[in-house]
Every structure is written in C-alpha cells, then in structure tokens.
>>> print(open('protein-v8.cif').read())   # mmCIF, C-alpha atoms
data_entry
#
loop_
_atom_site.label_atom_id
_atom_site.label_comp_id
_atom_site.auth_asym_id
_atom_site.auth_seq_id
_atom_site.Cartn_x
_atom_site.Cartn_y
_atom_site.Cartn_z
CA MET A 1 0.00 0.00 0.00
CA ALA A 2 1.34 3.43 -0.88
CA ASP A 3 1.75 5.70 2.12
CA LYS A 4 -0.90 8.37 2.46
CA VAL A 5 0.49 11.37 4.33
CA LYS A 6 -1.47 14.52 5.13
CA LEU A 7 -0.22 17.56 7.02
CA TYR A 8 -2.61 20.01 8.66
CA ALA A 9 -0.88 23.36 8.46
CA ALA A 10 -1.39 27.09 8.99
CA GLY A 11 0.49 29.46 6.71
CA GLY A 12 3.85 30.44 8.07
CA SER A 13 3.81 28.44 11.32
CA PRO A 14 7.33 27.60 12.51
CA PHE A 15 5.95 24.47 14.17
CA VAL A 16 4.41 23.26 10.91
CA CYS A 17 7.64 24.16 9.12
CA ARG A 18 9.57 21.87 11.49
CA VAL A 19 7.51 18.95 10.21
CA GLN A 20 7.89 20.07 6.59
CA ILE A 21 11.68 20.10 6.97
CA ALA A 22 11.60 16.56 8.39
CA LEU A 23 9.34 15.35 5.56
CA ASN A 24 11.61 17.04 3.05
CA MET A 25 14.73 15.41 4.55
CA LYS A 26 13.09 12.01 4.05
CA GLU A 27 11.75 12.94 0.59
CA ILE A 28 8.18 12.05 1.62
CA LYS A 29 5.31 13.19 -0.58
CA TYR A 30 2.37 14.61 1.33
CA GLU A 31 -0.79 16.62 1.00
CA LYS A 32 -0.75 19.96 2.86
CA LEU A 33 -4.09 21.13 4.20
CA GLU A 34 -4.29 24.78 5.18
CA GLU A 35 -6.29 25.55 8.30
CA ASP A 36 -7.99 28.83 9.11
CA LEU A 37 -7.11 29.28 12.79
CA HIS A 38 -10.23 31.36 13.33
CA ASN A 39 -12.45 28.66 11.88
CA LYS A 40 -10.82 25.30 12.38
CA SER A 41 -11.94 22.34 10.29
CA ALA A 42 -13.87 19.43 11.80
CA ASP A 43 -10.98 17.20 10.70
CA LEU A 44 -8.42 19.15 12.72
CA LEU A 45 -10.63 19.14 15.82
CA ASN A 46 -11.21 15.43 15.36
CA TYR A 47 -7.53 14.59 14.82
CA ASN A 48 -6.18 16.78 17.64
CA PRO A 49 -9.06 17.09 20.13
CA ILE A 50 -6.76 17.86 23.07
CA HIS A 51 -4.78 20.82 21.75
CA LYS A 52 -6.82 21.70 18.62
CA LYS A 53 -3.64 22.96 16.99
CA VAL A 54 -1.51 22.52 13.91
CA PRO A 55 0.66 20.74 12.96
CA VAL A 56 -1.08 17.39 12.78
CA LEU A 57 0.39 14.66 10.60
CA VAL A 58 -1.99 11.94 9.46
CA HIS A 59 -0.21 8.84 8.19
CA ASN A 60 -2.47 6.17 6.69
CA GLY A 61 -5.31 7.47 8.83
CA ASN A 62 -3.32 7.72 12.09
CA PRO A 63 -3.07 11.27 13.47
CA ILE A 64 -0.01 12.54 15.38
CA SER A 65 0.29 15.93 17.11
CA GLU A 66 3.13 17.95 18.67
CA SER A 67 5.87 18.89 16.22
CA LEU A 68 8.79 17.15 17.96
CA VAL A 69 6.73 14.00 18.51
CA ILE A 70 5.86 14.03 14.80
CA ILE A 71 9.52 14.42 13.84
CA GLU A 72 10.54 11.44 15.99
CA TYR A 73 7.73 9.45 14.35
CA ILE A 74 8.93 10.39 10.87
CA ASP A 75 12.47 9.37 11.81
CA ASP A 76 11.22 6.05 13.27
CA VAL A 77 9.11 5.14 10.23
CA TRP A 78 11.07 6.34 7.22
CA LYS A 79 14.68 5.38 6.60
CA GLY A 80 17.04 7.60 4.60
CA VAL A 81 18.69 10.71 6.04
CA PRO A 82 18.59 10.36 9.85
CA ILE A 83 17.04 13.21 11.86
CA LEU A 84 18.06 12.00 15.31
CA PRO A 85 21.50 10.60 16.08
CA GLN A 86 21.71 6.78 16.08
CA ASP A 87 23.81 6.55 19.24
CA PRO A 88 21.51 6.37 22.30
CA TYR A 89 23.50 8.91 24.28
CA GLU A 90 23.71 11.40 21.41
CA LYS A 91 20.00 10.81 20.86
CA ALA A 92 19.24 11.65 24.50
CA VAL A 93 21.34 14.82 24.22
CA ALA A 94 19.39 15.87 21.10
CA ARG A 95 16.09 15.27 22.90
CA PHE A 96 17.33 17.30 25.86
CA TRP A 97 18.09 20.30 23.63
CA GLY A 98 14.83 19.98 21.69
CA LYS A 99 12.98 20.13 24.99
CA PHE A 100 15.10 23.04 26.21
CA ILE A 101 14.34 25.03 23.06
CA ASP A 102 10.59 24.46 23.41
CA ASP A 103 10.23 24.73 27.19
CA LYS A 104 12.69 27.54 27.87
CA CYS A 105 13.94 29.37 24.79
CA ILE A 106 10.88 29.86 22.61
CA ILE A 107 8.63 30.64 25.57
CA ALA A 108 11.14 33.22 26.88
CA LEU A 109 11.47 34.78 23.41
CA PHE A 110 7.74 35.01 22.93
CA LYS A 111 7.33 36.68 26.28
CA VAL A 112 9.50 39.52 24.95
CA PHE A 113 6.89 40.37 22.36
CA GLY A 114 4.03 39.72 24.78
CA SER A 115 5.57 42.24 27.19
CA HIS A 116 6.18 44.80 24.41
CA GLY A 117 9.92 44.55 24.99
CA ASP A 118 10.18 44.83 28.78
CA GLU A 119 13.90 45.01 29.59
CA GLN A 120 13.86 42.37 32.31
CA VAL A 121 12.01 39.99 29.99
CA ILE A 122 14.52 40.67 27.20
CA ALA A 123 17.36 39.93 29.65
CA GLU A 124 15.74 36.59 30.55
CA ALA A 125 15.33 35.65 26.88
CA CYS A 126 18.96 36.57 26.18
CA GLU A 127 20.02 34.34 29.06
CA GLN A 128 18.35 31.36 27.34
CA LEU A 129 19.80 32.27 23.94
CA GLN A 130 23.24 32.58 25.53
CA ILE A 131 22.98 28.91 26.54
CA LEU A 132 22.48 27.95 22.89
CA GLU A 133 25.28 30.35 21.84
CA ASN A 134 27.64 28.62 24.28
CA GLU A 135 26.57 25.17 23.10
CA LEU A 136 27.41 26.07 19.48
CA LYS A 137 30.75 27.52 20.62
CA VAL A 138 31.66 24.40 22.62
CA LYS A 139 30.63 22.08 19.80
CA GLY A 140 32.49 24.13 17.19
CA THR A 141 30.39 22.58 14.43
CA LYS A 142 28.32 24.14 11.65
CA PHE A 143 25.06 22.85 13.10
CA PHE A 144 23.83 21.52 16.42
CA GLY A 145 23.75 18.20 14.57
CA GLY A 146 27.39 18.51 13.46
CA ASP A 147 28.06 18.79 9.70
CA ASN A 148 24.35 18.35 9.02
CA ILE A 149 21.15 19.52 10.66
CA ASN A 150 19.32 17.28 13.12
CA LEU A 151 16.31 17.48 15.45
CA VAL A 152 17.91 20.28 17.48
CA ASP A 153 18.50 22.52 14.46
CA ILE A 154 14.96 21.91 13.28
CA ALA A 155 13.59 22.76 16.75
CA ALA A 156 15.67 25.95 16.82
CA GLY A 157 14.47 26.99 13.35
CA PHE A 158 12.20 29.60 14.89
CA ILE A 159 15.29 31.45 16.12
CA ALA A 160 16.92 31.32 12.69
CA TYR A 161 14.03 32.75 10.70
CA TRP A 162 10.83 33.80 12.49
CA LEU A 163 12.47 35.62 15.38
CA GLY A 164 13.98 38.23 13.03
CA MET A 165 10.61 38.78 11.37
CA LEU A 166 8.97 39.28 14.76
CA GLU A 167 11.73 41.73 15.72
CA GLU A 168 11.12 43.66 12.51
CA ALA A 169 7.34 43.59 12.86
CA THR A 170 7.42 44.79 16.46
CA GLU A 171 10.54 47.00 16.18
CA ILE A 172 11.93 45.23 19.25
CA LYS A 173 15.46 44.26 18.22
CA PHE A 174 17.62 42.45 20.75
CA VAL A 175 19.34 39.56 18.95
CA THR A 176 22.45 41.04 17.35
CA LYS A 177 25.47 39.57 15.61
CA ASP A 178 27.73 41.19 18.21
CA LYS A 179 25.93 39.56 21.10
CA PHE A 180 25.25 36.19 19.47
CA PRO A 181 27.89 35.62 16.76
CA LYS A 182 27.58 31.81 16.75
CA ILE A 183 23.78 31.83 16.61
CA THR A 184 23.88 34.39 13.80
CA GLU A 185 26.30 32.25 11.80
CA TRP A 186 24.29 29.11 12.51
CA ALA A 187 21.04 30.83 11.48
CA ASP A 188 22.59 31.83 8.17
CA ASN A 189 23.78 28.27 7.54
CA PHE A 190 20.43 26.83 8.59
CA VAL A 191 18.18 28.91 6.34
CA ASN A 192 20.52 28.17 3.44
CA CYS A 193 20.26 24.38 3.75
CA ARG A 194 18.44 23.06 0.72
CA VAL A 195 15.94 20.99 2.75
CA VAL A 196 15.13 24.06 4.84
CA LYS A 197 15.14 26.73 2.13
CA GLU A 198 12.71 24.73 0.02
CA VAL A 199 10.00 24.83 2.68
CA LEU A 200 10.48 28.15 4.51
CA PRO A 201 7.50 30.45 4.01
CA PRO A 202 8.40 33.59 2.05
CA ARG A 203 9.49 36.50 4.27
CA GLU A 204 6.57 38.59 3.02
CA TYR A 205 4.14 35.81 3.67
CA PRO A 206 3.23 35.62 7.34
CA PRO A 207 2.17 39.21 7.93
CA LYS A 208 2.76 40.65 11.39
CA GLU A 209 -0.85 40.16 12.54
CA TYR A 210 -0.85 36.57 11.35
CA LEU A 211 2.41 35.72 13.08
CA LEU A 212 1.27 37.27 16.34
CA ALA A 213 -2.08 35.46 16.14
CA LEU A 214 -0.24 32.21 15.58
CA PHE A 215 1.86 32.71 18.67
CA LYS A 216 -1.11 33.66 20.74
CA GLU A 217 -2.61 30.40 19.56
CA GLN A 218 0.47 28.39 20.54
CA PHE A 219 1.32 30.14 23.79
CA GLY A 220 -1.96 31.75 24.69
CA LYS A 221 -1.98 30.23 28.16
CA GLU A 222 1.52 31.32 29.07
CA MET B 223 33.18 -3.28 31.02
CA ALA B 224 30.48 -3.39 33.66
CA ASP B 225 27.97 -0.56 33.42
CA LYS B 226 28.42 2.15 35.98
CA VAL B 227 25.11 3.87 36.69
CA LYS B 228 24.64 6.73 39.14
CA LEU B 229 21.39 8.55 39.88
CA TYR B 230 21.38 12.01 41.44
CA ALA B 231 18.22 12.14 43.52
CA ALA B 232 16.38 14.20 46.11
CA GLY B 233 14.31 12.35 48.66
CA GLY B 234 10.75 11.85 47.57
CA SER B 235 10.90 13.54 44.16
CA PRO B 236 8.29 12.14 41.76
CA PHE B 237 10.61 12.99 38.87
CA VAL B 238 13.45 10.97 40.38
CA CYS B 239 10.99 8.18 41.14
CA ARG B 240 10.06 8.01 37.45
CA VAL B 241 13.67 7.12 36.67
CA GLN B 242 13.85 4.65 39.54
CA ILE B 243 10.79 2.82 38.20
CA ALA B 244 12.39 2.60 34.75
CA LEU B 245 15.68 1.32 36.22
CA ASN B 246 13.73 -1.18 38.29
CA MET B 247 11.80 -2.42 35.24
CA LYS B 248 15.10 -3.12 33.51
CA GLU B 249 16.67 -4.60 36.69
CA ILE B 250 19.61 -2.19 36.49
CA LYS B 251 21.85 -1.80 39.53
CA TYR B 252 22.76 1.81 40.31
CA GLU B 253 24.16 4.06 42.96
CA LYS B 254 21.71 6.65 44.31
CA LEU B 255 23.25 9.95 45.39
CA GLU B 256 21.07 12.14 47.56
CA GLU B 257 21.24 15.87 46.86
CA ASP B 258 20.46 18.62 49.33
CA LEU B 259 18.42 21.04 47.18
CA HIS B 260 19.51 23.95 49.35
CA ASN B 261 23.18 23.11 48.90
CA LYS B 262 23.64 21.31 45.62
CA SER B 263 26.78 19.30 45.00
CA ALA B 264 29.45 20.42 42.53
CA ASP B 265 28.79 17.17 40.65
CA LEU B 266 25.11 17.95 40.13
CA LEU B 267 25.88 21.48 38.92
CA ASN B 268 28.53 20.10 36.63
CA TYR B 269 26.33 17.33 35.21
CA ASN B 270 23.21 19.49 34.76
CA PRO B 271 24.51 23.06 34.36
CA ILE B 272 21.42 24.24 32.47
CA HIS B 273 18.63 23.23 34.86
CA LYS B 274 20.67 22.40 38.01
CA LYS B 275 17.98 19.87 38.95
CA VAL B 276 17.53 16.22 39.83
CA PRO B 277 17.13 13.66 38.41
CA VAL B 278 20.41 13.24 36.57
CA LEU B 279 21.46 9.80 35.40
CA VAL B 280 25.17 9.27 34.79
CA HIS B 281 25.91 6.19 32.71
CA ASN B 282 29.59 5.34 32.31
CA GLY B 283 30.42 9.01 32.85
CA ASN B 284 27.75 10.40 30.48
CA PRO B 285 25.15 12.60 32.21
CA ILE B 286 21.51 12.79 31.09
CA SER B 287 18.85 15.15 32.48
CA GLU B 288 15.06 15.48 32.18
CA SER B 289 13.15 12.48 33.51
CA LEU B 290 11.33 11.50 30.31
CA VAL B 291 14.52 11.89 28.26
CA ILE B 292 16.31 9.65 30.77
CA ILE B 293 13.55 7.03 30.52
CA GLU B 294 13.78 6.95 26.73
CA TYR B 295 17.56 6.55 27.07
CA ILE B 296 17.15 3.65 29.50
CA ASP B 297 14.72 2.00 27.10
CA ASP B 298 17.09 2.55 24.15
CA VAL B 299 20.14 1.13 25.92
CA TRP B 300 18.86 -1.75 28.02
CA LYS B 301 16.81 -4.58 26.59
CA GLY B 302 14.33 -6.56 28.73
CA VAL B 303 10.90 -5.26 29.66
CA PRO B 304 10.02 -2.50 27.15
CA ILE B 305 9.02 0.91 28.54
CA LEU B 306 7.86 2.45 25.28
CA PRO B 307 5.76 0.57 22.73
CA GLN B 308 7.72 -0.96 19.84
CA ASP B 309 5.28 0.13 17.13
CA PRO B 310 6.22 3.62 15.87
CA TYR B 311 2.67 4.93 15.97
CA GLU B 312 2.00 3.60 19.47
CA LYS B 313 5.35 5.05 20.49
CA ALA B 314 4.36 8.48 19.17
CA VAL B 315 1.05 8.27 21.04
CA ALA B 316 2.91 7.43 24.28
CA ARG B 317 5.25 10.40 23.75
CA PHE B 318 2.25 12.64 23.12
CA TRP B 319 0.68 11.67 26.45
CA GLY B 320 3.96 11.95 28.35
CA LYS B 321 4.32 15.48 27.04
CA PHE B 322 0.69 16.27 27.83
CA ILE B 323 1.12 15.10 31.43
CA ASP B 324 4.22 17.25 31.92
CA ASP B 325 3.20 20.35 29.98
CA LYS B 326 -0.47 20.53 30.92
CA CYS B 327 -1.54 18.22 33.73
CA ILE B 328 1.21 18.50 36.33
CA ILE B 329 1.62 22.24 35.80
CA ALA B 330 -2.16 22.76 36.19
CA LEU B 331 -2.21 20.58 39.32
CA PHE B 332 0.69 22.38 40.90
CA LYS B 333 -0.95 25.74 40.24
CA VAL B 334 -3.81 24.58 42.49
CA PHE B 335 -1.48 24.44 45.47
CA GLY B 336 0.38 27.58 44.38
CA SER B 337 -2.95 29.45 44.34
CA HIS B 338 -4.01 28.00 47.73
CA GLY B 339 -6.96 26.25 46.09
CA ASP B 340 -8.46 29.03 43.94
CA GLU B 341 -11.69 27.62 42.47
CA GLN B 342 -11.00 28.66 38.90
CA VAL B 343 -7.54 27.10 39.09
CA ILE B 344 -9.02 23.88 40.49
CA ALA B 345 -11.54 23.83 37.63
CA GLU B 346 -8.71 24.16 35.11
CA ALA B 347 -6.75 21.32 36.73
CA CYS B 348 -9.86 19.12 36.73
CA GLU B 349 -10.29 19.84 33.03
CA GLN B 350 -6.82 18.39 32.35
CA LEU B 351 -7.43 15.40 34.63
CA GLN B 352 -10.73 14.77 32.86
CA ILE B 353 -8.79 14.30 29.62
CA LEU B 354 -6.76 11.51 31.26
CA GLU B 355 -9.95 10.07 32.80
CA ASN B 356 -11.54 9.92 29.34
CA GLU B 357 -8.43 8.36 27.82
CA LEU B 358 -8.49 5.55 30.40
CA LYS B 359 -12.22 5.06 29.77
CA VAL B 360 -11.78 4.87 26.00
CA LYS B 361 -8.83 2.48 26.27
CA GLY B 362 -10.62 0.27 28.79
CA THR B 363 -7.30 -1.16 29.93
CA LYS B 364 -5.75 -1.49 33.39
CA PHE B 365 -2.94 0.92 32.54
CA PHE B 366 -2.25 3.59 29.94
CA GLY B 367 0.23 1.02 28.60
CA GLY B 368 -2.42 -1.74 28.40
CA ASP B 369 -1.95 -4.77 30.66
CA ASN B 370 1.36 -3.37 31.86
CA ILE B 371 2.68 0.07 32.71
CA ASN B 372 4.61 2.07 30.12
CA LEU B 373 6.11 5.56 29.78
CA VAL B 374 2.68 7.20 30.16
CA ASP B 375 1.89 5.47 33.45
CA ILE B 376 5.34 6.35 34.78
CA ALA B 377 4.86 9.99 33.74
CA ALA B 378 1.46 10.08 35.44
CA GLY B 379 2.84 8.56 38.65
CA PHE B 380 2.68 11.94 40.36
CA ILE B 381 -1.10 11.82 40.06
CA ALA B 382 -1.25 8.31 41.51
CA TYR B 383 0.79 8.98 44.63
CA TRP B 384 2.14 12.48 45.31
CA LEU B 385 -1.02 14.38 44.45
CA GLY B 386 -2.94 12.76 47.32
CA MET B 387 -0.14 13.63 49.73
CA LEU B 388 -0.18 17.23 48.58
CA GLU B 389 -3.97 17.32 48.99
CA GLU B 390 -3.60 16.01 52.53
CA ALA B 391 -0.75 18.34 53.39
CA THR B 392 -2.57 21.43 52.12
CA GLU B 393 -6.11 20.29 52.97
CA ILE B 394 -7.15 21.13 49.42
CA LYS B 395 -9.02 18.03 48.24
CA PHE B 396 -10.45 18.02 44.73
CA VAL B 397 -9.61 14.65 43.16
CA THR B 398 -12.35 12.28 44.28
CA LYS B 399 -13.34 8.76 43.32
CA ASP B 400 -16.77 10.05 42.27
CA LYS B 401 -15.35 12.58 39.88
CA PHE B 402 -12.47 10.49 38.57
CA PRO B 403 -13.36 6.80 38.97
CA LYS B 404 -11.00 5.57 36.25
CA ILE B 405 -8.03 7.58 37.48
CA THR B 406 -8.67 6.38 41.04
CA GLU B 407 -8.75 2.77 39.92
CA TRP B 408 -5.65 3.24 37.77
CA ALA B 409 -3.79 4.94 40.64
CA ASP B 410 -4.54 1.99 42.89
CA ASN B 411 -3.29 -0.46 40.28
CA PHE B 412 -0.21 1.64 39.59
CA VAL B 413 1.03 2.00 43.16
CA ASN B 414 0.52 -1.73 43.64
CA CYS B 415 2.75 -2.76 40.72
CA ARG B 416 5.82 -4.49 42.11
CA VAL B 417 8.28 -2.35 40.10
CA VAL B 418 6.56 0.79 41.38
CA LYS B 419 5.89 -0.22 44.98
CA GLU B 420 9.52 -1.18 45.49
CA VAL B 421 10.76 2.35 44.78
CA LEU B 422 7.97 4.66 46.01
CA PRO B 423 9.13 6.81 48.90
CA PRO B 424 7.28 6.01 52.14
CA ARG B 425 4.16 8.14 52.65
CA GLU B 426 5.63 9.64 55.83
CA TYR B 427 8.87 10.42 54.11
CA PRO B 428 8.54 13.56 52.04
CA PRO B 429 7.18 15.95 54.67
CA LYS B 430 4.88 18.72 53.47
CA GLU B 431 7.58 21.41 53.49
CA TYR B 432 9.96 19.19 51.56
CA LEU B 433 7.39 18.32 48.92
CA LEU B 434 6.41 21.96 48.43
CA ALA B 435 10.07 23.02 48.23
CA LEU B 436 10.64 20.36 45.61
CA PHE B 437 7.80 21.65 43.50
CA LYS B 438 8.94 25.22 43.84
CA GLU B 439 12.28 23.94 42.60
CA GLN B 440 10.72 22.20 39.59
CA PHE B 441 8.14 24.79 38.66
CA GLY B 442 9.51 27.91 40.30
CA LYS B 443 9.29 29.91 37.09
CA GLU B 444 5.72 28.98 36.23
#
>>> encode(input="protein-v8.cif", output="structure tokens")
Amino acid sequence: MADKVKLYAAGGSPFVCRVQIALNMKEIKYEKLEEDLHNKSADLLNYNPIHKKVPVLVHNGNPISESLVIIEYIDDVWKGVPILPQDPYEKAVARFWGKFIDDKCIIALFKVFGSHGDEQVIAEACEQLQILENELKVKGTKFFGGDNINLVDIAAGFIAYWLGMLEEATEIKFVTKDKFPKITEWADNFVNCRVVKEVLPPREYPPKEYLLALFKEQFGKE
Amino acid sequence: MADKVKLYAAGGSPFVCRVQIALNMKEIKYEKLEEDLHNKSADLLNYNPIHKKVPVLVHNGNPISESLVIIEYIDDVWKGVPILPQDPYEKAVARFWGKFIDDKCIIALFKVFGSHGDEQVIAEACEQLQILENELKVKGTKFFGGDNINLVDIAAGFIAYWLGMLEEATEIKFVTKDKFPKITEWADNFVNCRVVKEVLPPREYPPKEYLLALFKEQFGKE
C-alpha cells in the first residue's frame, strides 16, 4: 500500500515548518491542508481534540500531534537521512536540547513580544539564547547536529528565521550579531540548507498580525 | 566493562521516582546519590549546568537530564521489559501523552497548590485530569500502557501517589473517586505494581515542606 500522508498546516507556522523540513529530509510526498485558525476544520478538531492545533500529521489514517513527537515518528518510520542521532547517548542529548528550546527558549522569546519589549524579559530571553550560543561555541560545528542539521537545528528553526521577522514587525530588536555571533552564523547556515530553504514560508508571507495570532494560539496560556 | 550507573536524587521527588521505576523495570543496579536542594553538589551542577535539577542519570560518565529523556535513554540502551511501545505509531502516542502530562496536567495541578486552592484554578486542573480520565475510559485497559505500565503510566505517577499527599498536606481536596473513577482505579493499580511499589518513597517520608520546596524547585518559574 502506498503511504498516504497529510499535514494540517497554517500558513507560516514555525511548528508546521519543522515537520515540513523533516518530511523534506526524508523525501516524503504529502498533502498539505491549510487551516484557518479562526475557523478550524472538523478534521483538525477530530484529529487533535486535546490541543486543537496545527501541525497534525496523518499517516495512513493515524493522526499525530506535537511537532517534535511528529519528527521522531517520521524518523522512526522512514529510513534515509537520519534526523536524530543513532547513538543512544547522542539521541538523548538531542532530545534534551529539543525540549530546552521548546520549554525555555521559545517561551522566553515570545514573552519579549508579549511584554512589548520589557527590559527584564529581554534579559531573561537573552540568558536562554546565551545557553544555545555557548553550546554552538563548545561544539564548534556548523550545526547543532554537526556537519548536518538534526532534530535540534529543526527545533531551533524559529530562532533562525521567524524571530527576526517578529523583531522587525514589532521593532523590538535584541538579537544582534555582536551579542550572538555563533547563533547568527548558525542561522545563516540553517536557512541556506536546501531541505530548509525549500519549505520556509516567504518572508513577506506571514504578515505581522498573522504571526502574532499564531503565537497567541500556541502560547496563549503562558 | 560493567555498566556504571549513578542517579542524582532528592528524597521523595516524583521525577526521580520516574527514573527509579524505569531502572527497576530493567533490573539495572545503580548508585543513588542524595542531593540537598539547598546546597547542591558540585557534581550535580557540573552534570546538569542548564537546569541544576535532579534527576540526573550518569551512565559510564555520560550525564543525562530530564526524567522522560532519561527514561527513553534507558529504554534505548537496556533490553528486557520494554518501557515504550515498539510500534512507531503507538510510540508516538505514548510520547504525546507523556508530554501532555508534563506540559499541561502536572503544571495545572501544581498551580492549584500555588494558588491556595483558587476555584478557577481547580476547575482548570480538573479539566486536564478529565482528559486523562476519558483516555483511560476509552482504552478500557488497566494501565495507559495496556496490561502493563509504560512511559505514560510512569509519567502520570505523580497523580497516583504524590497528588494525594499534597492534597492532605494542604487540605485542598479536589480529586475524588466520584469525579475520577478511572483515574482512582488506575492509581490503585499503579502504586501496587511491584516495580513501582519497590521504589515509592514512604508516605511519611517527604514531609509537606519538603514536597512543596521540591515543587517550587521544579516549577519555580511557572
């Protein structure tokens, strides 16, 4: 039976884009279904009744939610380019950083825009980013994954691409090349990877209002 | 080379206990090192510089943090009784629920005690518990894992054992058998599993102050 893969998406979402990068790395063909976040489809609510959010991947009728859970599933099911390291210890380290990025970094960064750029909140976000900056420095590699991107790079994709757009949209600029040289270099390398570049939404695409609505949707309870 | 396994622990922590259950399921011998949370050891700070928290598992010199990441590592490295399902889809579903329990349920439950039993906060926590209640009802099995416990049951262990102690300690009682019959039944089955019972801290052990300090430590920034 040919695999039937559907992805419930919402234009410009960094969390959806994570899944698209993983699907692209594995060269998986899929149908992308655009959701209107203000008027969600019955299918989305049925497939993800707990969180009612995109992304949802439906593989041969089986729905999976939560972007990093979906990526692990894709890596478990489809061979080809690996997304997580094969070595159990390296795999655990990658999972640790993926969780750190979601639980600490992205939440701290979003709070900056939620607080309209409160200085204390910016300082806290920079503290989290500094941890990633140090990790890249210690590793000394092009990507968190080494010579190639892995789960950690994909998780951090928001920092490479969407963060700058949010800074522009809100005129709150705090991530500079001077302060975060390694992250800046990594971000440049990341967005220029073929598997990433092919699926990034155009810079003009997610307009400010849309991007902010999306984040409210993802982190509304924070 | 014989495996050298050390576990940095703090008396009565449900997050440490998760790892102990996993180690017990795999029949792994380990050295347990008790941390004083008010005066953390140089080793703990060195092994978990980002979060500075227990549990940390050190396997042949390699440190791993975050209880669910540690459990996946244990399941990847040691054969024997499986902790995650083998089927990729079932595995993704287990990861989804583990994440739900950590990100939604436990945080909502802890907020109840942080808010000294605010009614709205209790209602929100009950909403999350109801989702687990429904899941057990739909599955119709003894455990989230089926006939035997898996990652999801281990993640939910806090609800089975520590929650009741916190309710007693604070005199804020909201999880009743009437309201949550399936969870109550599951909790009873869970704490009576041999691999669980053998490692649960005694009910008298974590005194109220200790338990609350531990939670402040884990969720201090929430």
>>> closest_residue(input="protein-v8.cif", among="B:Leu229, B:Ala345, B:Met247, B:Ile329", to="chain A", atoms="all atoms listed in the file")
B:Ile329
>>> residues_near_point(input="protein-v8.cif", point="(23.3, 34.9, 23.2)", cutoff="8 Å", atoms="all atoms listed in the file", output="PDB file with C-alpha atoms, keeping the file's coordinate frame")
ATOM      1  CA  CYS A 126      18.960  36.570  26.180  1.00  0.00           C
ATOM      2  CA  GLU A 127      20.020  34.340  29.060  1.00  0.00           C
ATOM      3  CA  GLN A 128      18.350  31.360  27.340  1.00  0.00           C
ATOM      4  CA  LEU A 129      19.800  32.270  23.940  1.00  0.00           C
ATOM      5  CA  GLN A 130      23.240  32.580  25.530  1.00  0.00           C
ATOM      6  CA  ILE A 131      22.980  28.910  26.540  1.00  0.00           C
ATOM      7  CA  LEU A 132      22.480  27.950  22.890  1.00  0.00           C
ATOM      8  CA  GLU A 133      25.280  30.350  21.840  1.00  0.00           C
ATOM      9  CA  ASN A 134      27.640  28.620  24.280  1.00  0.00           C
ATOM     10  CA  VAL A 175      19.340  39.560  18.950  1.00  0.00           C
ATOM     11  CA  LYS A 179      25.930  39.560  21.100  1.00  0.00           C
ATOM     12  CA  PHE A 180      25.250  36.190  19.470  1.00  0.00           C
ATOM     13  CA  PRO A 181      27.890  35.620  16.760  1.00  0.00           C
ATOM     14  CA  ILE A 183      23.780  31.830  16.610  1.00  0.00           C
TER      15      ILE A 183
END
>>> closest_residue(input="protein-v8.cif", among="A:Leu45, A:Val81, A:Leu57, A:Met165", to="chain B", atoms="all atoms listed in the file")
A:Leu57
>>> interface_residues(input="protein-v8.cif", of="chain B", to="chain A", cutoff="8 Å", atoms="all atoms listed in the file", output="list in words")
Ile272, Asn284, Ile286, Ser287, Glu288, Val291, Ile292, Glu294, Tyr295, Asp298, Val299, Pro310, Tyr311, Lys313, Ala314, Val315, Arg317, Phe318 and Ile353 of chain B
>>> resolve_selection(input="protein-v8.cif", expression="the PyMOL selection byres ((chain A and resi 154) around 9)", output="list of chain:residue names")
A:Cys17, A:Arg18, A:Val19, A:Ile21, A:Ala22, A:Gly98, A:Ile149, A:Asn150, A:Leu151, A:Val152, A:Asp153, A:Ala155, A:Ala156, A:Gly157, A:Phe158, A:Phe190, A:Val196
>>> atom_distance(input="protein-v8.cif", atom1="atom CA of B:Trp408", atom2="atom CA of A:Asn48")
24.3 Å
>>> resolve_selection(input="protein-v8.cif", expression="the PyMOL selection byres ((chain B and resi 249-260) around 6)", output="list of chain:residue names")
B:Val227, B:Lys228, B:Leu229, B:Tyr230, B:Ala231, B:Ala232, B:Leu245, B:Asn246, B:Met247, B:Lys248, B:Asn261, B:Lys262
>>> write_last_selection(input="protein-v8.cif", atoms="C-alpha atoms", output="compact mmCIF listing (two decimals), in the frame of the given file")
# COMPACT_ATOMS: atom_id res chain seq x y z
CA VAL B 227 25.11 3.87 36.69
CA LYS B 228 24.64 6.73 39.14
CA LEU B 229 21.39 8.55 39.88
CA TYR B 230 21.38 12.01 41.44
CA ALA B 231 18.22 12.14 43.52
CA ALA B 232 16.38 14.20 46.11
CA LEU B 245 15.68 1.32 36.22
CA ASN B 246 13.73 -1.18 38.29
CA MET B 247 11.80 -2.42 35.24
CA LYS B 248 15.10 -3.12 33.51
CA ASN B 261 23.18 23.11 48.90
CA LYS B 262 23.64 21.31 45.62
>>> resolve_selection(input="protein-v8.cif", expression="the PyMOL selection byres ((chain B and resi 395) around 12)", output="JSON, numbers by chain")
{"B": [331, 334, 335, 338, 339, 340, 341, 344, 348, 385, 386, 387, 388, 389, 390, 391, 392, 393, 394, 396, 397, 398, 399, 401]}
>>> write_last_selection(input="protein-v8.cif", atoms="C-alpha atoms", output="PDB file, in the frame of the given file")
ATOM      1  CA  LEU B 331      -2.210  20.580  39.320  1.00  0.00           C
ATOM      2  CA  VAL B 334      -3.810  24.580  42.490  1.00  0.00           C
ATOM      3  CA  PHE B 335      -1.480  24.440  45.470  1.00  0.00           C
ATOM      4  CA  HIS B 338      -4.010  28.000  47.730  1.00  0.00           C
ATOM      5  CA  GLY B 339      -6.960  26.250  46.090  1.00  0.00           C
ATOM      6  CA  ASP B 340      -8.460  29.030  43.940  1.00  0.00           C
ATOM      7  CA  GLU B 341     -11.690  27.620  42.470  1.00  0.00           C
ATOM      8  CA  ILE B 344      -9.020  23.880  40.490  1.00  0.00           C
ATOM      9  CA  CYS B 348      -9.860  19.120  36.730  1.00  0.00           C
ATOM     10  CA  LEU B 385      -1.020  14.380  44.450  1.00  0.00           C
ATOM     11  CA  GLY B 386      -2.940  12.760  47.320  1.00  0.00           C
ATOM     12  CA  MET B 387      -0.140  13.630  49.730  1.00  0.00           C
ATOM     13  CA  LEU B 388      -0.180  17.230  48.580  1.00  0.00           C
ATOM     14  CA  GLU B 389      -3.970  17.320  48.990  1.00  0.00           C
ATOM     15  CA  GLU B 390      -3.600  16.010  52.530  1.00  0.00           C
ATOM     16  CA  ALA B 391      -0.750  18.340  53.390  1.00  0.00           C
ATOM     17  CA  THR B 392      -2.570  21.430  52.120  1.00  0.00           C
ATOM     18  CA  GLU B 393      -6.110  20.290  52.970  1.00  0.00           C
ATOM     19  CA  ILE B 394      -7.150  21.130  49.420  1.00  0.00           C
ATOM     20  CA  PHE B 396     -10.450  18.020  44.730  1.00  0.00           C
ATOM     21  CA  VAL B 397      -9.610  14.650  43.160  1.00  0.00           C
ATOM     22  CA  THR B 398     -12.350  12.280  44.280  1.00  0.00           C
ATOM     23  CA  LYS B 399     -13.340   8.760  43.320  1.00  0.00           C
ATOM     24  CA  LYS B 401     -15.350  12.580  39.880  1.00  0.00           C
TER      25      LYS B 401
END
>>> atom_distance(input="protein-v8.cif", atom1="atom CA of A:Phe15", atom2="atom CA of A:Pro55")
6.6 Å
>>> atom_distance(input="protein-v8.cif", atom1="atom CA of B:Gly362", atom2="atom CA of B:Lys301")
27.9 Å
